[in-house]
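Notes follow once the structure below has been shown.
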Amino acid sequence: MNRIGKLYFRYGTMGSAKTAMLLTTAYNFEERGLSYLCFKPVVDTREKRNVIHSRIGIERECRWIYHDTDLFGEVRAIFEETLSVPEWILIDEAQFLSEQQVDQLARVVDDYGINVVCYGLRTDFRTRLFEGSRRLFEIADSIDEVKSTCTCGRKTIVNARIDGQGQIITEGAQVEIGGNDRYMSVCRKCWSNKRVEQRRRDTLPFSPEEV
Ligand SMILES: [Zn+2]
């Protein structure tokens, strides 16, 4: 293969329209007659339809990536079967890839000259890097931040996990499935201020309503 591909990582917080960006890219490829495939790691096994969809209402079919999926093997199988490979591969929720799977994608880029674009989160709700994101920061050819704005006007940095009472949670499993927790992307300052405020309230002898 003489084509030269690149491994891209486009990261941002939740709600920064990364998935919409992926779907817009897919649409543009279709307009220009470029071949592509979409992949997405399976996180919630209750998910039945293999599609990537965004809040703006568009969707595209994707192939699932399981914990033991060999992504290089998948592409090689496509090549052996059809004697061709797609020009582009788009990956949603790339933070959930394993380190090995990111390495397999790098090999897909280098051996087949395919451009691989990974969209994902930088960090989890504890502000720690996800495994897939860490590996992408280490070896991607091109890294871009997809920015979004906190309610205070600063850039969002943290994907805060919020419980049923609206409190920020900083402990627990990295991925919570089927729970009542929600996420909110906020800037670092709002994240820190809100936690200080929560701690202060927790140490009051009575809640403000009772006083
Ligand atoms: Zn803020």
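Just remember, in the structure tokens the first chain shown is A, the second B, etc., residues are 1-based per chain, and ligands are 1-based in the order shown.
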For ligand 1, collect every residue having any atom at a distance of at most 6 Å from a ligand atom (counting only C-alpha atoms and all ligand atoms); output as a ChimeraX atom specification. /A:150-152,154,186-187,189-190
Emit the selected residues as a compact mmCIF listing (two decimals), in the first residue's frame, including N, CA and C atoms.
# COMPACT_ATOMS: atom_id res chain seq x y z
N CYS A 150 -18.46 26.48 29.24
CA CYS A 150 -19.15 26.31 30.53
C CYS A 150 -20.19 27.44 30.68
N THR A 151 -21.13 27.26 31.60
CA THR A 151 -22.16 28.30 31.80
C THR A 151 -21.53 29.64 32.21
N CYS A 152 -20.31 29.60 32.78
CA CYS A 152 -19.64 30.84 33.22
C CYS A 152 -18.84 31.48 32.09
N ARG A 154 -16.09 30.10 30.59
CA ARG A 154 -14.78 29.47 30.39
C ARG A 154 -14.94 28.19 29.58
N VAL A 186 -18.21 21.01 32.76
CA VAL A 186 -17.95 22.31 33.39
C VAL A 186 -16.47 22.67 33.29
N CYS A 187 -16.18 23.94 33.55
CA CYS A 187 -14.78 24.36 33.56
C CYS A 187 -14.16 23.91 34.88
N LYS A 189 -12.69 25.65 37.17
CA LYS A 189 -12.99 26.53 38.30
C LYS A 189 -14.37 26.24 38.88
N CYS A 190 -15.38 26.09 38.04
CA CYS A 190 -16.74 25.79 38.53
C CYS A 190 -16.76 24.43 39.23
Quick one: everything within 10 Å of segment 21-23 of chain A, counting only C-alpha atoms, minus sequence neighbours fewer than 3 positions away in the same chain. Send it as a PyMOL selection string. chain A and resi 10+16-18+26-29+38+52-54+58-60+90-92+117-119+146
Contacts of Leu136 of chain A at 10 Å or less, counting only C-alpha atoms, minus same-chain residues fewer than 3 places along, as an MDAnalysis selection string? chainID A and resid 7:11 94:95 97 99 102:103 105:106 118 120 122 130:133 139:143
Based on the selection just made, write C-alpha atoms of those residues as a compact mmCIF listing (two decimals), in the first residue's frame.
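The resulting result02.txt:
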# COMPACT_ATOMS: atom_id res chain seq x y z
CA LEU A 7 -4.21 8.69 13.00
CA TYR A 8 -6.30 11.60 14.30
CA PHE A 9 -7.60 12.21 17.82
CA ARG A 10 -10.33 14.81 18.30
CA TYR A 11 -11.14 15.16 21.96
CA ALA A 94 -12.70 6.31 21.38
CA GLN A 95 -11.89 6.81 25.07
CA LEU A 97 -10.74 1.62 23.34
CA GLU A 99 -4.39 0.55 24.61
CA VAL A 102 -5.31 2.01 19.63
CA ASP A 103 -2.04 0.31 18.68
CA LEU A 105 -5.46 1.29 14.68
CA ALA A 106 -1.98 2.75 14.30
CA CYS A 118 -11.01 8.93 16.70
CA GLY A 120 -13.58 10.86 22.34
CA ARG A 122 -10.03 13.26 27.35
CA PHE A 130 -9.22 7.18 29.87
CA GLU A 131 -7.04 4.30 28.64
CA GLY A 132 -7.86 4.82 24.96
CA SER A 133 -7.39 8.58 25.18
CA ILE A 139 0.83 8.06 19.40
CA ALA A 140 -1.69 9.99 17.22
CA ASP A 141 -0.33 11.98 14.25
CA SER A 142 -2.77 14.82 14.76
CA ILE A 143 -4.56 15.96 17.93
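Taking atom CA of Arg55 of chain A as the reference point, atom CA of Ser185 of chain A is found at 16.1 Å.
Put simply, atom CA of Phe79 of chain A is 11.7 Å away from atom CA of Ile114 of chain A.
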For Gln104 of chain A, list every protein, DNA or RNA residue within 8 Å, evaluated using only C-alpha atoms, and leave out those in the same chain fewer than 5 positions away; present the list as a PDB file with C-alpha atoms, in the first residue's frame.
ATOM      1  CA  ASP A  70      -8.784  -7.008  17.033  1.00  0.00           C
ATOM      2  CA  LEU A  71      -9.210  -3.895  14.893  1.00  0.00           C
ATOM      3  CA  PHE A  72      -6.246  -4.673  12.665  1.00  0.00           C
TER       4      PHE A  72
END
Per DSSP on the backbone, what are the strand (DSSP E or B) residues of chain A, as number ranges by chain? A: 7-12, 36-41, 51-53, 59-61, 63-65, 88-91, 115-121, 123, 129, 142-145, 149, 155, 158-162, 168-169, 182-186
Counting only C-alpha atoms, what is within 7 Å of Pro41 of chain A, bar same-chain residues fewer than 3 positions away, as a PyMOL selection string? chain A and resi 64-66+93+96-97
